[in-house]
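Raw entry.csv, CSV, C-alpha atoms and all ligand atoms:
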```csv
chain,number,residue,atom,x,y,z
A,1291,MET,CA,-3.0,-90.5,-58.7
A,1292,SER,CA,-5.9,-88.0,-59.2
A,1293,SER,CA,-7.7,-86.7,-56.1
A,1294,THR,CA,-10.8,-88.7,-57.1
A,1295,GLU,CA,-8.7,-91.9,-57.1
A,1296,GLU,CA,-7.2,-90.9,-53.8
A,1297,GLN,CA,-10.6,-90.5,-52.2
A,1298,ALA,CA,-11.8,-93.8,-53.6
A,1299,SER,CA,-8.8,-95.5,-52.0
A,1300,VAL,CA,-9.5,-93.9,-48.6
A,1301,PHE,CA,-13.1,-94.8,-48.9
A,1302,ASP,CA,-12.3,-98.5,-49.7
A,1303,TYR,CA,-9.8,-98.6,-46.9
A,1304,GLY,CA,-12.5,-97.7,-44.4
A,1305,THR,CA,-15.4,-99.8,-45.6
A,1306,ASP,CA,-13.9,-103.1,-46.8
A,1307,ALA,CA,-12.2,-105.0,-44.0
A,1308,THR,CA,-11.8,-108.4,-42.5
A,1309,VAL,CA,-10.7,-108.8,-38.9
A,1310,ALA,CA,-9.4,-112.1,-37.7
A,1311,ARG,CA,-8.6,-112.8,-34.1
A,1312,CYS,CA,-6.2,-115.6,-33.2
A,1313,PRO,CA,-5.4,-116.8,-29.7
A,1314,GLY,CA,-1.9,-117.9,-28.4
A,1315,ARG,CA,-1.5,-121.3,-26.9
A,1316,VAL,CA,0.1,-122.8,-23.9
A,1317,ASN,CA,1.2,-126.4,-24.0
A,1318,LEU,CA,0.2,-128.2,-20.7
A,1319,ILE,CA,2.4,-131.2,-21.5
A,1320,GLY,CA,4.0,-132.9,-24.4
A,1321,ASP,CA,6.9,-130.8,-25.8
A,1322,HIS,CA,9.1,-131.8,-28.8
A,1323,THR,CA,6.7,-134.6,-29.5
A,1324,ASP,CA,4.8,-133.1,-32.5
A,1325,TYR,CA,7.6,-133.5,-35.1
A,1326,ASN,CA,8.1,-137.1,-33.7
A,1327,ASN,CA,4.6,-138.3,-34.5
A,1328,GLY,CA,3.9,-138.3,-30.7
A,1329,VAL,CA,1.1,-136.7,-28.6
A,1330,ALA,CA,0.6,-133.4,-26.8
A,1331,LEU,CA,-2.0,-131.6,-24.7
A,1332,PRO,CA,-2.0,-127.9,-25.5
A,1333,MET,CA,-4.8,-125.3,-25.0
A,1334,ALA,CA,-5.5,-122.0,-26.6
A,1335,ILE,CA,-5.4,-119.0,-24.2
A,1336,ASP,CA,-7.2,-115.7,-23.8
A,1337,LEU,CA,-4.3,-113.6,-25.1
A,1338,TYR,CA,-4.6,-113.0,-28.8
A,1339,THR,CA,-3.4,-111.2,-31.9
A,1340,GLU,CA,-5.9,-109.4,-34.1
A,1341,VAL,CA,-5.3,-108.9,-37.8
A,1342,THR,CA,-7.2,-106.5,-39.9
A,1343,TYR,CA,-6.9,-106.8,-43.7
A,1344,SER,CA,-8.2,-103.6,-45.5
A,1345,PRO,CA,-8.0,-104.1,-49.2
A,1346,ILE,CA,-7.4,-101.2,-51.5
A,1347,HIS,CA,-8.9,-102.1,-54.9
A,1348,GLY,CA,-6.4,-101.9,-57.7
A,1349,SER,CA,-3.4,-101.7,-55.3
A,1350,ARG,CA,-0.6,-104.3,-55.8
A,1351,VAL,CA,1.2,-103.7,-52.5
A,1352,ILE,CA,0.3,-104.7,-48.9
A,1353,GLU,CA,1.5,-102.4,-46.1
A,1354,ILE,CA,2.2,-104.4,-43.0
A,1355,ILE,CA,1.8,-102.4,-39.8
A,1356,SER,CA,2.0,-103.6,-36.2
A,1357,ASP,CA,1.2,-101.8,-33.0
A,1358,MET,CA,4.0,-103.9,-31.4
A,1359,GLN,CA,6.7,-102.9,-33.9
A,1360,PRO,CA,8.2,-99.6,-35.0
A,1361,ASP,CA,8.7,-100.2,-38.7
A,1362,VAL,CA,6.3,-100.8,-41.6
A,1363,ALA,CA,6.9,-103.4,-44.3
A,1364,LYS,CA,5.7,-103.3,-47.9
A,1365,VAL,CA,5.1,-106.5,-49.7
A,1366,ASP,CA,4.1,-106.9,-53.4
A,1367,ILE,CA,1.1,-109.2,-53.7
A,1368,ASP,CA,2.8,-111.0,-56.5
A,1369,ILE,CA,5.8,-112.0,-54.3
A,1370,PRO,CA,6.9,-115.5,-55.2
A,1371,PHE,CA,6.5,-118.2,-52.6
A,1372,SER,CA,10.2,-118.7,-52.3
A,1373,THR,CA,12.6,-118.6,-49.4
A,1374,GLU,CA,14.9,-116.2,-51.3
A,1375,ALA,CA,12.2,-113.6,-52.1
A,1376,ILE,CA,10.5,-113.8,-48.6
A,1377,ARG,CA,13.7,-113.6,-46.6
A,1378,GLU,CA,14.6,-110.4,-48.4
A,1379,ILE,CA,11.7,-108.6,-46.8
A,1380,ASP,CA,12.5,-106.2,-44.1
A,1381,PRO,CA,11.8,-105.8,-41.2
A,1382,SER,CA,12.2,-109.5,-40.4
A,1383,TRP,CA,9.1,-109.7,-38.2
A,1384,SER,CA,7.0,-109.2,-41.2
A,1385,ARG,CA,8.4,-112.1,-43.2
A,1386,ALA,CA,5.8,-114.6,-42.0
A,1387,ALA,CA,3.1,-112.3,-43.3
A,1388,ALA,CA,4.9,-112.1,-46.6
A,1389,GLY,CA,5.0,-115.9,-46.6
A,1390,ILE,CA,1.2,-116.1,-46.1
A,1391,ILE,CA,0.6,-113.4,-48.8
A,1392,ALA,CA,2.8,-115.4,-51.2
A,1393,MET,CA,0.8,-118.5,-50.4
A,1394,ILE,CA,-2.7,-117.0,-50.6
A,1395,ARG,CA,-2.1,-114.5,-53.4
A,1396,PRO,CA,-4.8,-111.9,-52.5
A,1397,SER,CA,-6.2,-110.1,-55.5
A,1398,ASP,CA,-5.8,-106.6,-53.9
A,1399,GLY,CA,-3.1,-104.8,-52.0
A,1400,GLY,CA,-4.0,-102.7,-49.0
A,1401,THR,CA,-3.0,-102.9,-45.4
A,1402,LEU,CA,-2.5,-105.7,-42.8
A,1403,HIS,CA,-2.7,-104.2,-39.3
A,1404,TYR,CA,-1.7,-106.2,-36.2
A,1405,LYS,CA,-2.6,-105.5,-32.6
A,1406,GLY,CA,-3.4,-107.5,-29.5
A,1407,ASN,CA,-2.1,-108.6,-26.1
A,1408,LEU,CA,-0.2,-111.8,-26.9
A,1409,PRO,CA,3.4,-111.3,-25.9
A,1410,ILE,CA,5.9,-111.8,-28.7
A,1411,GLY,CA,8.7,-114.4,-28.4
A,1412,ALA,CA,7.4,-115.7,-25.1
A,1413,GLY,CA,6.8,-119.2,-26.3
A,1414,LEU,CA,3.0,-118.7,-26.4
A,1415,SER,CA,2.8,-119.1,-30.1
A,1416,SER,CA,2.8,-115.5,-31.2
A,1417,SER,CA,4.3,-116.8,-34.5
A,1418,ALA,CA,1.4,-119.2,-35.1
A,1419,ALA,CA,-1.1,-116.6,-34.1
A,1420,PHE,CA,0.5,-114.2,-36.6
A,1421,GLU,CA,0.5,-116.7,-39.4
A,1422,VAL,CA,-3.0,-118.1,-38.8
A,1423,GLY,CA,-4.5,-114.6,-38.2
A,1424,THR,CA,-3.0,-113.3,-41.4
A,1425,ALA,CA,-4.3,-116.3,-43.4
A,1426,LEU,CA,-7.8,-116.0,-42.1
A,1427,ALA,CA,-7.9,-112.2,-42.6
A,1428,LEU,CA,-6.7,-112.8,-46.2
A,1429,GLY,CA,-9.5,-115.4,-46.7
A,1430,ILE,CA,-8.0,-118.8,-46.4
A,1431,GLU,CA,-10.6,-121.6,-46.1
A,1432,GLY,CA,-10.5,-125.2,-45.2
A,1433,GLU,CA,-10.4,-127.8,-42.4
A,1434,PRO,CA,-8.2,-126.8,-39.4
A,1435,THR,CA,-5.6,-129.5,-40.1
A,1436,SER,CA,-5.2,-128.3,-43.7
A,1437,VAL,CA,-5.1,-124.6,-42.9
A,1438,ALA,CA,-2.6,-125.4,-40.1
A,1439,GLN,CA,-0.4,-127.3,-42.5
A,1440,HIS,CA,-0.4,-124.5,-45.0
A,1441,CYS,CA,0.4,-121.9,-42.3
A,1442,ARG,CA,3.2,-124.0,-40.8
A,1443,HIS,CA,4.7,-124.5,-44.2
A,1444,ALA,CA,4.6,-120.7,-45.0
A,1445,GLY,CA,6.1,-120.0,-41.6
A,1446,GLU,CA,9.0,-122.4,-42.3
A,1447,VAL,CA,9.6,-120.9,-45.7
A,1448,ALA,CA,9.7,-117.4,-44.2
A,1449,THR,CA,11.8,-118.1,-41.1
A,1450,GLY,CA,13.7,-121.3,-41.8
A,1451,VAL,CA,12.6,-122.9,-38.5
A,1452,PRO,CA,11.5,-126.5,-39.1
A,1453,ALA,CA,8.7,-126.3,-36.5
A,1454,GLY,CA,6.0,-128.9,-35.9
A,1455,ILE,CA,2.3,-128.3,-36.4
A,1456,MET,CA,1.1,-128.2,-32.8
A,1457,ASP,CA,0.9,-124.4,-32.5
A,1458,GLN,CA,-1.0,-123.7,-35.7
A,1459,LEU,CA,-3.4,-126.6,-35.1
A,1460,THR,CA,-4.1,-125.6,-31.5
A,1461,VAL,CA,-4.8,-121.9,-32.3
A,1462,LEU,CA,-7.1,-122.9,-35.1
A,1463,ALA,CA,-9.1,-125.8,-33.6
A,1464,ALA,CA,-9.2,-125.2,-29.8
A,1465,LYS,CA,-12.4,-125.2,-27.9
A,1466,GLN,CA,-13.3,-123.1,-24.9
A,1467,GLY,CA,-12.9,-124.9,-21.6
A,1468,SER,CA,-10.8,-127.7,-23.0
A,1469,ALA,CA,-7.3,-128.7,-24.0
A,1470,MET,CA,-6.7,-130.7,-27.1
A,1471,LEU,CA,-5.2,-134.2,-27.0
A,1472,ILE,CA,-3.4,-134.3,-30.4
A,1473,ASP,CA,-2.0,-137.4,-32.0
A,1474,PHE,CA,0.5,-136.1,-34.5
A,1475,SER,CA,0.8,-139.5,-36.3
A,1476,THR,CA,-2.7,-139.0,-37.6
A,1477,LEU,CA,-3.4,-135.3,-36.8
A,1478,PHE,CA,-6.6,-136.6,-35.0
A,1479,TYR,CA,-7.4,-134.7,-31.9
A,1480,ARG,CA,-10.0,-134.8,-29.1
A,1481,TYR,CA,-11.0,-132.3,-26.6
A,1482,VAL,CA,-10.2,-132.9,-23.0
A,1483,GLN,CA,-12.3,-130.8,-20.7
A,1484,LEU,CA,-10.2,-129.2,-18.0
A,1485,PRO,CA,-11.3,-129.3,-14.3
A,1486,GLU,CA,-12.9,-126.0,-13.3
A,1487,SER,CA,-11.2,-126.1,-10.0
A,1488,MET,CA,-7.8,-125.9,-11.8
A,1489,GLU,CA,-6.1,-122.6,-12.6
A,1490,VAL,CA,-3.5,-122.4,-15.3
A,1491,VAL,CA,-0.8,-119.7,-14.9
A,1492,VAL,CA,1.9,-118.7,-17.3
A,1493,VAL,CA,5.0,-116.9,-16.1
A,1494,HIS,CA,7.6,-115.3,-18.4
A,1495,SER,CA,11.3,-116.1,-17.6
A,1496,GLY,CA,12.4,-112.8,-19.1
A,1497,GLN,CA,14.4,-114.6,-21.8
A,1498,SER,CA,13.1,-114.0,-25.2
A,1499,ARG,CA,12.8,-117.2,-27.2
A,1500,VAL,CA,14.2,-116.9,-30.7
A,1501,LEU,CA,13.6,-120.2,-32.4
A,1502,SER,CA,15.7,-119.6,-35.5
A,1503,GLY,CA,18.7,-118.8,-33.3
A,1504,SER,CA,18.2,-121.7,-31.0
A,1505,ALA,CA,19.0,-125.4,-31.1
A,1506,TYR,CA,15.5,-126.3,-32.2
A,1507,ALA,CA,16.6,-127.5,-35.6
A,1508,ALA,CA,19.5,-129.4,-34.1
A,1509,ARG,CA,17.1,-131.2,-31.7
A,1510,ARG,CA,14.8,-132.1,-34.5
A,1511,ALA,CA,17.8,-133.5,-36.5
A,1512,GLU,CA,18.9,-135.6,-33.5
A,1513,CYS,CA,15.4,-137.1,-33.2
A,1514,GLU,CA,15.3,-137.8,-36.9
A,1515,ALA,CA,18.7,-139.6,-36.7
A,1516,ALA,CA,17.3,-141.7,-33.8
A,1517,ALA,CA,14.2,-142.4,-35.8
A,1518,LEU,CA,16.3,-143.9,-38.6
A,1519,HIS,CA,17.2,-146.7,-36.1
A,1520,LEU,CA,13.8,-147.0,-34.3
A,1521,GLY,CA,11.0,-145.5,-36.4
A,1522,SER,CA,9.1,-142.4,-35.2
A,1523,LEU,CA,10.0,-141.7,-31.6
A,1524,GLY,CA,6.5,-140.9,-30.7
A,1525,GLU,CA,5.4,-144.4,-31.7
A,1526,VAL,CA,8.0,-146.6,-30.1
A,1527,SER,CA,8.0,-148.2,-26.7
A,1528,TYR,CA,10.4,-147.4,-23.9
A,1529,ASP,CA,12.4,-150.7,-24.0
A,1530,VAL,CA,13.8,-150.1,-27.5
A,1531,VAL,CA,15.4,-146.8,-26.7
A,1532,ASN,CA,18.5,-148.5,-25.1
A,1533,ALA,CA,19.2,-150.1,-28.4
A,1534,LEU,CA,20.3,-146.7,-29.8
A,1535,PRO,CA,24.1,-146.6,-30.4
A,1536,ASP,CA,24.7,-143.1,-29.2
A,1537,ASN,CA,24.2,-141.6,-25.8
A,1538,THR,CA,22.9,-138.2,-27.0
A,1539,MET,CA,20.4,-140.0,-29.3
A,1540,ARG,CA,19.3,-142.2,-26.4
A,1541,ARG,CA,18.6,-139.3,-24.2
A,1542,ARG,CA,16.7,-137.4,-26.8
A,1543,ALA,CA,14.7,-140.5,-27.6
A,1544,ARG,CA,14.1,-141.2,-23.9
A,1545,HIS,CA,12.6,-137.7,-23.5
A,1546,VAL,CA,10.2,-138.1,-26.4
A,1547,VAL,CA,9.0,-141.6,-25.5
A,1548,SER,CA,8.6,-140.8,-21.8
A,1549,GLU,CA,6.9,-137.5,-22.6
A,1550,CYS,CA,4.3,-139.2,-24.8
A,1551,ASP,CA,3.5,-141.5,-21.9
A,1552,ARG,CA,3.2,-138.6,-19.5
A,1553,VAL,CA,0.8,-136.8,-21.9
A,1554,LYS,CA,-1.6,-139.7,-21.9
A,1555,ARG,CA,-1.5,-140.1,-18.1
A,1556,PHE,CA,-1.9,-136.3,-17.7
A,1557,ALA,CA,-5.0,-136.3,-19.9
A,1558,GLU,CA,-6.5,-139.1,-17.7
A,1559,CYS,CA,-5.8,-136.9,-14.6
A,1560,MET,CA,-7.7,-134.0,-16.2
A,1561,VAL,CA,-10.7,-136.3,-16.6
A,1562,SER,CA,-10.5,-137.8,-13.1
A,1563,GLY,CA,-9.5,-134.4,-11.5
A,1564,ASP,CA,-6.3,-135.8,-10.0
A,1565,LEU,CA,-4.3,-132.6,-10.0
A,1566,ARG,CA,-1.7,-133.9,-7.7
A,1567,THR,CA,-0.6,-136.7,-10.1
A,1568,ALA,CA,-1.0,-134.2,-13.0
A,1569,GLY,CA,1.4,-131.8,-11.2
A,1570,GLN,CA,4.0,-134.6,-10.7
A,1571,LEU,CA,3.8,-135.4,-14.4
A,1572,MET,CA,4.6,-131.8,-15.2
A,1573,VAL,CA,7.6,-131.8,-12.9
A,1574,GLU,CA,8.9,-135.0,-14.5
A,1575,SER,CA,8.3,-133.4,-17.9
A,1576,HIS,CA,10.4,-130.4,-17.0
A,1577,ARG,CA,13.2,-132.6,-15.7
A,1578,SER,CA,13.2,-134.7,-18.9
A,1579,LEU,CA,13.2,-131.5,-21.0
A,1580,ALA,CA,16.1,-130.1,-19.0
A,1581,ASP,CA,18.2,-133.3,-18.5
A,1582,ASP,CA,17.5,-135.5,-21.5
A,1583,PHE,CA,16.4,-133.0,-24.1
A,1584,GLU,CA,18.6,-130.1,-22.9
A,1585,VAL,CA,16.2,-127.3,-23.8
A,1586,SER,CA,15.9,-125.6,-20.4
A,1587,THR,CA,17.8,-122.7,-19.0
A,1588,PRO,CA,18.9,-121.7,-15.5
A,1589,GLU,CA,16.1,-119.0,-15.5
A,1590,LEU,CA,13.4,-121.6,-16.5
A,1591,ASP,CA,14.7,-124.1,-13.9
A,1592,SER,CA,14.6,-121.5,-11.0
A,1593,LEU,CA,11.2,-120.3,-12.1
A,1594,VAL,CA,9.8,-123.8,-11.9
A,1595,ASP,CA,11.4,-124.3,-8.5
A,1596,GLU,CA,10.0,-120.9,-7.3
A,1597,LEU,CA,6.5,-121.8,-8.5
A,1598,LEU,CA,6.6,-125.3,-6.9
A,1599,SER,CA,7.4,-123.7,-3.6
A,1600,ILE,CA,4.1,-121.8,-3.5
A,1601,ASP,CA,1.2,-123.4,-1.6
A,1602,GLY,CA,-1.6,-124.6,-3.9
A,1603,VAL,CA,0.7,-125.2,-6.9
A,1604,TYR,CA,0.5,-128.8,-8.2
A,1605,GLY,CA,3.1,-128.7,-11.0
A,1606,ALA,CA,5.1,-126.4,-13.2
A,1607,ARG,CA,7.2,-126.9,-16.3
A,1608,LEU,CA,8.7,-125.0,-19.2
A,1609,THR,CA,6.3,-124.8,-22.1
A,1610,GLY,CA,6.9,-124.8,-25.8
A,1611,ALA,CA,10.3,-125.2,-27.4
A,1612,GLY,CA,12.3,-124.0,-24.3
A,1613,PHE,CA,15.5,-122.0,-24.7
A,1614,GLY,CA,13.8,-119.2,-22.7
A,1615,GLY,CA,10.1,-118.2,-22.9
A,1616,CYS,CA,7.6,-119.2,-20.3
A,1617,VAL,CA,6.8,-121.7,-17.6
A,1618,VAL,CA,3.3,-123.1,-17.1
A,1619,ALA,CA,1.9,-124.0,-13.7
A,1620,ILE,CA,-1.4,-125.6,-12.6
A,1621,CYS,CA,-2.7,-124.6,-9.2
A,1622,ASP,CA,-5.7,-123.9,-7.0
A,1623,PRO,CA,-7.4,-120.7,-8.1
A,1624,GLY,CA,-5.7,-117.6,-6.7
A,1625,SER,CA,-2.6,-119.4,-5.4
A,1626,ILE,CA,-0.1,-117.5,-7.6
A,1627,ASP,CA,0.0,-113.8,-7.3
A,1628,THR,CA,0.9,-112.8,-10.9
A,1629,ASN,CA,1.9,-109.3,-9.8
A,1630,THR,CA,5.0,-110.7,-8.1
A,1631,PHE,CA,6.7,-111.7,-11.3
A,1632,GLN,CA,9.1,-109.2,-12.9
A,1633,HIS,CA,8.7,-110.3,-16.5
A,1634,GLY,CA,5.0,-110.9,-16.8
A,1635,ALA,CA,2.6,-113.5,-15.6
A,1636,TRP,CA,-0.9,-114.3,-16.6
A,1637,VAL,CA,-3.8,-116.5,-15.4
A,1638,VAL,CA,-4.9,-118.0,-18.7
A,1639,ARG,CA,-8.2,-119.6,-19.6
A,1640,PRO,CA,-8.8,-122.4,-22.1
A,1641,SER,CA,-10.2,-120.5,-25.1
A,1642,ALA,CA,-11.7,-121.1,-28.5
A,1643,GLY,CA,-9.6,-121.1,-31.6
A,1644,ALA,CA,-9.2,-118.4,-34.2
A,1645,SER,CA,-12.2,-116.7,-35.8
A,1646,ILE,CA,-13.3,-113.9,-38.1
A,1647,VAL,CA,-14.7,-111.2,-35.8
A,1648,LEU,CA,-15.6,-108.7,-38.5
A,1649,SER,CA,-16.1,-109.0,-42.3
A,1650,ARG,CA,-17.6,-106.1,-44.3
A,1701,LIG,C1,7.6,-124.8,-30.9
A,1701,LIG,C2,7.1,-125.4,-32.2
A,1701,LIG,C3,6.2,-126.6,-32.0
A,1701,LIG,C4,6.7,-127.6,-31.0
A,1701,LIG,C5,7.2,-126.9,-29.8
A,1701,LIG,C6,7.8,-127.9,-28.8
A,1701,LIG,O1,6.5,-124.2,-30.3
A,1701,LIG,O2,6.5,-124.4,-33.0
A,1701,LIG,O3,5.9,-127.2,-33.3
A,1701,LIG,O4,7.7,-128.4,-31.6
A,1701,LIG,O5,8.1,-125.9,-30.0
A,1701,LIG,O6,6.9,-128.8,-28.3
```
Kindly present the structure from the file in C-alpha cells form.
Amino acid sequence: MSSTEEQASVFDYGTDATVARCPGRVNLIGDHTDYNNGVALPMAIDLYTEVTYSPIHGSRVIEIISDMQPDVAKVDIDIPFSTEAIREIDPSWSRAAAGIIAMIRPSDGGTLHYKGNLPIGAGLSSSAAFEVGTALALGIEGEPTSVAQHCRHAGEVATGVPAGIMDQLTVLAAKQGSAMLIDFSTLFYRYVQLPESMEVVVVHSGQSRVLSGSAYAARRAECEAAALHLGSLGEVSYDVVNALPDNTMRRRARHVVSECDRVKRFAECMVSGDLRTAGQLMVESHRSLADDFEVSTPELDSLVDELLSIDGVYGARLTGAGFGGCVVAICDPGSIDTNTFQHGAWVVRPSAGASIVLSR
C-alpha cells in the first residue's frame, strides 16, 4: 500500500462512521414463553452497548474490536452465511458480529468497535444488544419485528442457541417509561406504562449465564414435545396440561401456561398501580421457574429471598433464561441499596429502543 493510500484509509476511517446505541433489557415477567407462542412483559433498560462502524473504502475485511474483550477478530466481508464458516471465527465472542456481517454483506470493510456499560452474560440481553447494534450500525432497515427476526436468526447461526425473539424485539422497539406486552403468537405488542412510584432493580447473582452451555435448548425441546400433544403451550388453557403423559412435560407445560396467565395479570397491575399483587405474581413466577421449569440456581433462589426480606420490596424473580445471571425486583424508590451487592446491582429505568446516534 502506498503512503497516499494509507493516508486515504486513515482519513476515511475518521470521517465516515455510523454509531448505533442499543439498550439491554430486563424481563419483568414471562420467561420461557416466547418460543411457546405465549406472552411476556419486558422493558429496555438504561444500560447499553454502542457500536461504531467505520468503513474503509476498498477494504474487504472488518476488524472487530471491543473495549470489553482483549482480542481482536478479523472477518472477511464475503464470509458465507453458514454455521460452519461463522463458527470458525475466533475469538468466539465476535461470532455474532460475523453472523450479522454475513447477513448484511456490507460493501466495505473497516472496523466495528464496541463499548458500553451493559454487563456481558448477565441475562440482560447483551447478546441481542450486540446483534441489533451491529445490524443497525451496518445499515439494516425495516420494521422492528422483521429486523428482530433477522438478528435472532443470525445469532442462532453464530452461536447455535435456539433462542426466542423477545430480546431482539424488546431492545429494538421499546419505549421510554413503558414495558412491552408482547404476544409471541402474532408478534403484536403494546406498551404498558409503568407506575412512576415503582423502582426496578436488577441484581447480579455472580454466576455468568452461558446459554450455549446451558439446558436452554433442552427446555425448548421439552416444550416442543409437549406442544405435539397440546398445541403451542402459550395458547392452551390450564386444564389440558394434566392430559400430558409424562411428568416432566407436565411440569414444563404447567410453567408456561401459568406464566402467561401471570403476565396478563401483572400487566393489569401496572395499569392499576397494584404493586403488592404484581410482587406476588413475580414471586409465583420465580417458584414456577425454579420448581416446574428447573432453570433457577441456589444463588438465584437466595438472592430472591434476600431481596424479598428488604422493606419496600414487592417482588423479585430470576429474569431471562435463568441458569445464573440476574434477579429483578420491584420496590418503592430507594428501598434497595445497590452498593450492598457483591456482584453488581443497578436501578434501571424503562428506556427507548435502539437508535442511530451518529451517522456521517
Ligand atoms: C433468553 C432468550 C429469550 C427468552 C429468554 C427466557 O433471554 O434469548 O428468547 O427465551 O431467555 O424467557
* Enumerate residues in contact with ligand LIG 1701 (chain A): an atom-to-atom distance of at most 9 Å, counting all atoms listed in the file. Format the result as a ChimeraX atom specification. => /A:1317,1319-1326,1330,1413-1415,1417-1418,1442,1451-1458,1501,1506,1510,1609-1612
* Asked: CA of Glu1489 (chain A) to CA of Ser1578 (chain A): how many Å, to one decimal?
  -> 23.6 Å
* Asked: Could you state the separation of CA of Ala1419 (chain A) and CA of Leu1597 (chain A) in Å, given to one decimal place?
  ->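 So the answer is 27.2 Å.
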* Structure fact -> Here CA of Cys1616 (chain A) and CA of Leu1590 (chain A) stand apart by 7.3 Å
* **Residues within 9 Å of Arg1566 (chain A), all atoms listed in the file, excluding chain neighbours under 6 positions, as a ChimeraX atom specification** => /A:1559,1604-1605
Store the residues picked out above, limited to C-alpha atoms, as a compact mmCIF listing (two decimals), in the frame of the given file.
```txt
# COMPACT_ATOMS: atom_id res chain seq x y z
CA CYS A 1559 -5.80 -136.90 -14.60
CA TYR A 1604 0.50 -128.80 -8.20
CA GLY A 1605 3.10 -128.70 -11.00
```
* Asked: Which neighbours of Gly1634 (chain A) fall inside 10 Å, counting all atoms listed in the file, when residues of the same chain fewer than 5 positions from it are skipped, and could you give them as a list in words?
  -> Pro1409, Ala1412, Val1492, Val1493, His1494, Ser1495, Gly1496, Cys1616, Thr1628 and Asn1629 of chain A
Dump as a Markdown table the rows for residues of region 1359-1468 of chain A within 10 Å of region 1335-1344 of chain A: closest atom pair and distance in Å with one decimal, all atoms listed in the file counted, ordered by chain and rising residue number.
```
| residue | atom | partner | partner_atom | distance |
| --- | --- | --- | --- | --- |
| A:Asp1398 | CA | A:Ser1344 | CA | 9.2 |
| A:Gly1399 | CA | A:Ser1344 | CA | 8.3 |
| A:Gly1400 | CA | A:Ser1344 | CA | 5.5 |
| A:Thr1401 | CA | A:Ser1344 | CA | 5.2 |
| A:Leu1402 | CA | A:Tyr1343 | CA | 4.6 |
| A:His1403 | CA | A:Thr1342 | CA | 5.1 |
| A:Tyr1404 | CA | A:Val1341 | CA | 4.8 |
| A:Lys1405 | CA | A:Glu1340 | CA | 5.3 |
| A:Gly1406 | CA | A:Thr1339 | CA | 4.4 |
| A:Asn1407 | CA | A:Leu1337 | CA | 5.6 |
| A:Leu1408 | CA | A:Leu1337 | CA | 4.8 |
| A:Pro1409 | CA | A:Leu1337 | CA | 8.1 |
| A:Ile1410 | CA | A:Thr1339 | CA | 9.9 |
| A:Leu1414 | CA | A:Ile1335 | CA | 8.7 |
| A:Ser1415 | CA | A:Tyr1338 | CA | 9.7 |
| A:Ser1416 | CA | A:Thr1339 | CA | 7.6 |
| A:Ser1417 | CA | A:Thr1339 | CA | 9.9 |
| A:Ala1418 | CA | A:Thr1339 | CA | 9.9 |
| A:Ala1419 | CA | A:Thr1339 | CA | 6.3 |
| A:Phe1420 | CA | A:Thr1339 | CA | 6.8 |
| A:Glu1421 | CA | A:Val1341 | CA | 9.9 |
| A:Val1422 | CA | A:Val1341 | CA | 9.5 |
| A:Gly1423 | CA | A:Val1341 | CA | 5.8 |
| A:Thr1424 | CA | A:Val1341 | CA | 6.1 |
| A:Ala1425 | CA | A:Val1341 | CA | 9.3 |
| A:Leu1426 | CA | A:Val1341 | CA | 8.7 |
| A:Ala1427 | CA | A:Tyr1343 | CA | 5.6 |
| A:Leu1428 | CA | A:Tyr1343 | CA | 6.5 |
| A:Gly1429 | CA | A:Tyr1343 | CA | 9.5 |
| A:Thr1460 | CA | A:Ile1335 | CA | 9.9 |
| A:Val1461 | CA | A:Ile1335 | CA | 8.6 |
| A:Ala1464 | CA | A:Ile1335 | CA | 9.2 |
| A:Gln1466 | CA | A:Ile1335 | CA | 8.9 |
| A:Gly1467 | CA | A:Ile1335 | CA | 9.9 |
```
* To do: Place a sphere of radius 12 Å on (21.0, -143.5, -29.4) in the file coordinates and name every protein, DNA or RNA residue with an atom inside or on its surface, counting all atoms listed in the file; give the answer as a list in words.
  =>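 The distance filter leaves exactly Glu1512, Cys1513, Glu1514, Ala1515, Ala1516, Ala1517, Leu1518, His1519, Leu1520, Leu1523, Val1530, Val1531, Asn1532, Ala1533, Leu1534, Pro1535, Asp1536, Asn1537, Thr1538, Met1539, Arg1540, Arg1541, Arg1542, Ala1543, Arg1544, His1545 and Asp1582 of chain A.
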* Of the candidates A:Val1585, A:Ile1369, A:Ile1620, A:Val1547, which one gets nearest to Ile1600 (chain A) if we count only C-alpha atoms? ->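 Going through A:Val1585, A:Ile1369, A:Ile1620, A:Val1547 one by one, the smallest distance to Ile1600 (chain A) is for A:Ile1620.
Of the residues listed (A:Val1573, A:Ala1505, A:Leu1318, A:Ala1438), A:Leu1318 shows the shortest atom-to-atom separation from Pro1332 (chain A); distances use only C-alpha atoms.
Residue nearest Val1329 (chain A), chosen from A:Ile1352, A:Val1603, A:Val1447, A:Leu1471 and counting only C-alpha atoms: A:Leu1471.
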* To do: Give me the residues within 9 Å of Gly1602 (chain A) as a PyMOL selection string, counting all atoms listed in the file and dropping any in the same chain fewer than 2 places off.
  => chain A and resi 1598+1600+1604+1620-1626
* To do: Anything within 8 Å of (-5.0, -134.6, -22.5): list those residues as a VMD selection string, counting all atoms listed in the file and sticking to the file's coordinates.
  => chain A and resid 1330 to 1332 1469 to 1471 1481 to 1482 1553 to 1558 1560
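Using all atoms listed in the file, the smallest distance between any of A:Ala1387, A:Val1647, A:Ala1511, A:Val1316 and Ser1356 (chain A) comes from A:Ala1387.
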